[in-house]
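The file work09.txt contains compact mmCIF, C-alpha atoms:
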# COMPACT_ATOMS: atom_id res chain seq x y z
CA MET A 775 44.47 6.59 -20.66
CA ILE A 776 41.79 7.93 -18.27
CA GLU A 777 39.22 7.73 -21.08
CA GLN A 778 40.00 4.01 -21.56
CA VAL A 779 39.57 3.41 -17.82
CA ILE A 780 36.16 5.10 -17.88
CA VAL A 781 35.10 3.06 -20.94
CA LYS A 782 36.10 -0.08 -19.02
CA GLU A 783 34.01 1.11 -16.05
CA LEU A 784 31.03 1.57 -18.38
CA LEU A 785 31.44 -1.97 -19.70
CA GLN A 786 31.63 -3.25 -16.10
CA ALA A 787 28.45 -1.32 -15.27
CA VAL A 788 26.68 -3.01 -18.20
CA GLU A 789 27.91 -6.43 -17.03
CA GLN A 790 26.77 -5.73 -13.48
CA LYS A 791 23.34 -4.60 -14.63
CA THR A 792 22.77 -7.58 -16.93
CA GLY A 793 24.57 -10.30 -14.97
CA LEU A 794 26.36 -11.26 -18.20
CA ASP A 795 30.12 -11.81 -18.17
CA MET A 796 30.55 -11.13 -21.90
CA GLN A 797 32.67 -14.21 -22.49
CA SER A 798 30.63 -15.99 -25.18
CA PRO A 799 28.78 -15.12 -28.40
CA THR A 800 25.51 -15.84 -26.57
CA ASP A 801 26.30 -13.11 -24.01
CA PHE A 802 26.67 -10.52 -26.78
CA GLU A 803 23.45 -11.60 -28.48
CA GLN A 804 21.56 -11.43 -25.17
CA LEU A 805 22.92 -7.94 -24.48
CA ARG A 806 21.92 -6.68 -27.94
CA GLN A 807 18.39 -7.96 -27.34
CA ARG A 808 18.16 -6.19 -23.97
CA LEU A 809 19.31 -2.81 -25.27
CA PRO A 810 16.35 -0.49 -25.85
CA TYR A 811 18.41 1.72 -28.18
CA ARG A 812 19.41 -0.73 -30.90
CA ASP A 813 20.08 1.83 -33.64
CA GLY A 814 23.26 0.67 -35.34
CA LEU A 815 24.44 -1.42 -32.38
CA SER A 816 25.25 -4.87 -33.72
CA VAL A 817 26.61 -7.95 -32.01
CA SER A 818 29.87 -7.33 -33.93
CA THR A 819 30.11 -3.81 -32.48
CA LEU A 820 29.60 -5.15 -28.96
CA LYS A 821 32.24 -7.85 -29.47
CA ARG A 822 34.76 -5.23 -30.65
CA LEU A 823 33.93 -2.97 -27.73
CA TRP A 824 34.58 -5.75 -25.21
CA GLN A 825 37.64 -6.80 -27.24
CA TYR A 826 36.15 -10.25 -27.74
CA VAL A 827 37.35 -9.76 -31.32
CA PRO A 828 40.35 -7.53 -32.09
CA SER A 829 39.70 -3.95 -33.10
CA GLY A 830 42.07 -1.08 -33.69
CA HIS A 831 39.30 1.52 -33.52
CA GLU A 832 38.15 3.70 -30.67
CA PRO A 833 34.47 3.23 -29.74
CA ARG A 834 32.07 5.68 -31.32
CA ARG A 835 30.42 8.26 -29.07
CA ALA A 836 26.97 7.04 -30.23
CA THR A 837 27.79 3.51 -29.04
CA LEU A 838 28.93 4.79 -25.63
CA ASP A 839 25.79 6.96 -25.39
CA ILE A 840 23.58 3.89 -25.93
CA LEU A 841 25.36 1.88 -23.23
CA ALA A 842 25.38 4.83 -20.80
CA ARG A 843 21.61 5.33 -21.26
CA PHE A 844 21.14 1.60 -20.70
CA CYS A 845 22.92 2.04 -17.35
CA GLY A 846 20.63 4.92 -16.36
CA TYR A 847 22.71 7.94 -17.39
CA ALA A 848 21.61 10.70 -19.75
CA ASP A 849 24.52 9.94 -22.08
CA TRP A 850 28.25 9.08 -22.20
CA GLN A 851 29.21 12.56 -20.98
CA ALA A 852 27.01 12.15 -17.88
CA PHE A 853 28.60 8.77 -17.16
CA ARG A 854 32.10 10.26 -17.52
CA LEU A 855 31.21 13.11 -15.18
CA SER A 856 29.88 10.68 -12.58
CA ARG A 857 33.16 8.73 -12.65
CA GLN A 858 35.37 11.78 -12.32
CA THR A 859 34.35 12.30 -8.72
CA ASP A 860 34.90 10.22 -5.61
CA SER A 861 31.83 11.61 -3.88
CA GLY A 862 28.36 10.13 -4.18
CA PHE A 863 26.83 13.58 -3.75
CA LEU A 864 27.61 16.30 -6.32
CA GLY A 865 25.87 19.48 -5.19
CA ASP A 866 22.26 18.72 -6.06
CA ALA A 867 23.14 15.40 -7.74
CA ILE A 868 22.78 12.04 -6.02
CA ARG A 869 24.21 8.76 -7.26
CA THR A 870 21.61 6.07 -6.56
CA GLU A 871 24.31 3.56 -5.66
CA GLN A 872 25.10 5.76 -2.64
CA LEU A 873 21.53 5.62 -1.31
CA SER A 874 20.85 2.98 1.30
CA GLU A 875 18.07 0.48 0.72
CA GLY A 876 14.74 1.99 1.79
CA SER A 877 15.90 5.61 1.34
CA MET A 878 13.26 7.96 -0.03
CA VAL A 879 13.85 10.65 -2.63
CA CYS A 880 11.46 13.32 -3.91
CA VAL A 881 12.07 14.63 -7.43
CA THR A 882 10.22 17.42 -9.22
CA TRP A 883 10.27 18.78 -12.77
CA ASN A 884 8.26 21.15 -14.93
CA PRO A 885 5.42 21.63 -15.39
CA ASN A 886 4.25 20.77 -11.86
CA ARG A 887 5.42 17.13 -11.86
CA ARG A 888 6.53 15.23 -8.75
CA MET A 889 7.50 11.70 -7.74
CA VAL A 890 8.52 10.12 -4.48
CA LEU A 891 10.88 7.20 -4.99
CA ARG A 892 12.11 4.43 -2.69
CA ARG A 893 15.54 2.80 -3.15
CA LEU A 894 15.20 -0.97 -3.57
CA VAL A 895 17.83 -3.70 -3.85
CA ASN A 896 20.14 -3.75 -6.89
CA GLU A 897 19.98 0.06 -7.08
CA ARG A 898 16.42 -0.01 -8.47
CA LEU A 899 13.92 2.67 -7.52
CA GLU A 900 10.20 2.21 -6.90
CA VAL A 901 7.64 4.95 -7.50
CA VAL A 902 5.81 5.48 -4.20
CA GLU A 903 3.87 8.61 -5.19
CA ALA A 904 3.41 10.34 -8.55
CA GLU A 905 1.70 13.59 -9.47
CA HIS A 906 1.14 14.52 -13.12
CA ALA A 907 3.73 11.92 -14.20
CA LYS A 908 3.43 9.03 -16.63
CA LEU A 909 5.00 6.67 -14.12
CA GLN A 910 2.67 5.15 -11.53
CA PRO A 911 3.05 4.00 -7.93
CA GLY A 912 4.53 0.51 -7.96
CA ASP A 913 6.56 1.06 -11.15
CA THR A 914 10.25 0.18 -10.72
CA PHE A 915 13.26 1.25 -12.73
CA TYR A 916 17.00 1.78 -12.73
CA THR A 917 18.78 5.11 -12.98
CA ALA A 918 22.37 5.87 -12.08
CA TRP A 919 21.82 9.34 -10.67
CA LEU A 920 19.32 12.05 -9.90
CA ALA A 921 20.55 15.57 -10.60
CA VAL A 922 19.00 19.02 -10.66
CA GLY A 923 19.16 20.36 -14.20
CA GLN A 924 19.55 16.87 -15.72
CA PRO A 925 16.75 14.59 -16.95
CA LEU A 926 15.85 11.47 -14.99
CA CYS A 927 16.49 8.54 -17.36
CA ALA A 928 14.50 5.52 -16.16
CA SER A 929 15.75 2.31 -17.78
CA SER A 930 14.66 -1.31 -17.25
CA LEU A 931 11.25 0.09 -16.35
CA GLN A 932 8.69 -2.43 -15.09
CA ARG A 933 5.00 -2.16 -14.26
CA ASN A 934 3.34 -5.16 -12.58
CA GLY A 935 6.36 -7.27 -13.54
CA GLN A 936 6.03 -6.39 -17.23
CA PRO A 937 8.76 -4.43 -19.05
CA LEU A 938 7.95 -0.98 -20.43
CA GLU A 939 9.82 1.36 -22.75
CA ASP A 940 12.44 3.53 -21.09
CA TYR A 941 11.15 6.84 -19.75
CA VAL A 942 12.74 10.28 -19.44
CA ALA A 943 11.40 12.79 -16.91
CA GLY A 944 12.34 16.44 -17.35
CA ARG A 945 13.65 15.88 -20.86
CA ARG A 946 13.63 19.59 -21.68
CA ASP A 947 14.83 21.38 -18.52
CA GLY A 948 15.89 18.51 -16.27
CA LEU A 949 14.78 17.95 -12.69
CA THR A 950 14.00 21.08 -10.67
CA SER A 951 14.65 19.49 -7.25
CA VAL A 952 16.10 16.31 -5.78
CA THR A 953 15.53 15.79 -2.05
CA VAL A 954 16.43 12.85 0.20
CA PHE A 955 14.23 12.36 3.25
CA ALA A 956 13.21 9.85 5.89
CA THR A 957 9.46 9.44 5.33
CA SER A 958 7.13 9.27 2.36
CA GLN A 959 6.11 12.90 2.90
CA CYS A 960 7.26 15.31 0.21
CA ALA A 961 5.21 18.40 0.96
CA SER A 962 6.21 21.97 0.23
CA ASP A 963 5.10 23.13 3.71
CA LYS A 964 7.59 20.76 5.40
CA PRO A 965 10.64 20.67 3.15
CA PRO A 966 12.80 17.62 3.82
CA ARG A 967 16.57 17.78 4.20
CA GLN A 968 18.34 18.55 0.92
CA GLY A 969 20.74 15.78 -0.13

Output the file's structure in the form of structure tokens.
Amino acid sequence: MIEQVIVKELLQAVEQKTGLDMQSPTDFEQLRQRLPYRDGLSVSTLKRLWQYVPSGHEPRRATLDILARFCGYADWQAFRLSRQTDSGFLGDAIRTEQLSEGSMVCVTWNPNRRMVLRRLVNERLEVVEAEHAKLQPGDTFYTAWLAVGQPLCASSLQRNGQPLEDYVAGRRDGLTSVTVFATSQCASDKPPRQG
């Protein structure tokens, strides 16, 4: 029962992100075209998942992983974990929906990589500073959470208004720090308040 509720929350997160209400065949086709991970995800699969057409089958884990990554999570398990808590702050993990607009976050990962991010409207983040990272200042993206030990999965990435492929920071070891602070300074000599 709880699993079905969390699947429904994932579908709602996809709808919120896309602005689609998933009530017509066109909605499902548009969603399929927006998904960066199209491996094996057909319009028919999406229709069954949303129960637009009847299905007696449980959704496959791979399908849920694709939709969770689309919503900015590492995978389905990460989405489930995020929904099993009422708090926006999980130790060293921060749900971006809990950050207020304009909030600044510094993230680091190995080897010697760092970004300062600003929370924009619609839960998007903008890169303000970047050191040794493929993302550049001005890039914007969506991610559901920032967590120490977990990779940062940047979806709906845009540079100068143009879409880019999704990006994963800290793919191997995850982020090494996640810090919320008030200014655009993220220096080791003046550590900001840990979130």

*Calculate how many Å separate atom CA of Cys927 of chain A from atom CA of Val895 of chain A, rounding to one decimal.*
18.3 Å

_Protein/DNA/RNA residues near (8.6, 4.7, -1.8), cut 9 Å, only C-alpha atoms, as a list in words_ =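 Nearby residues: Gly876, Ser877, Met878, Val879, Val890, Leu891, Arg892, Arg893, Leu894, Leu899, Glu900, Val901, Val902, Glu903, Pro911, Gly912, Thr957 and Ser958 of chain A.
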
*asked:* So, with all atoms listed in the file as the atoms that count, which of A:Arg822, A:Lys782, A:Arg806, A:His906 lies closest to Arg888 of chain A?
replied: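 Looking at the shortest contact to Arg888 of chain A, the residue is A:His906.
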
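Take atom CA of Tyr847 of chain A and atom CA of Val881 of chain A: the distance between them is 16.0 Å.
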
Hey, what's within 9 Å of Gly923 of chain A if we count only C-alpha atoms and toss same-chain stuff fewer than 3 positions away? As a compact mmCIF listing (two decimals) with C-alpha atoms, in the frame of the given file, please?
# COMPACT_ATOMS: atom_id res chain seq x y z
CA ASP A 866 22.26 18.72 -6.06
CA GLY A 944 12.34 16.44 -17.35
CA ASP A 947 14.83 21.38 -18.52
CA GLY A 948 15.89 18.51 -16.27
CA LEU A 949 14.78 17.95 -12.69
CA THR A 950 14.00 21.08 -10.67
CA SER A 951 14.65 19.49 -7.25

_Point-to-point distance in Å for atom CA of Arg933 of chain A and atom CA of Gln910 of chain A_ =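 Atom-to-atom, atom CA of Gln910 of chain A to atom CA of Arg933 of chain A, that is 8.1 Å.
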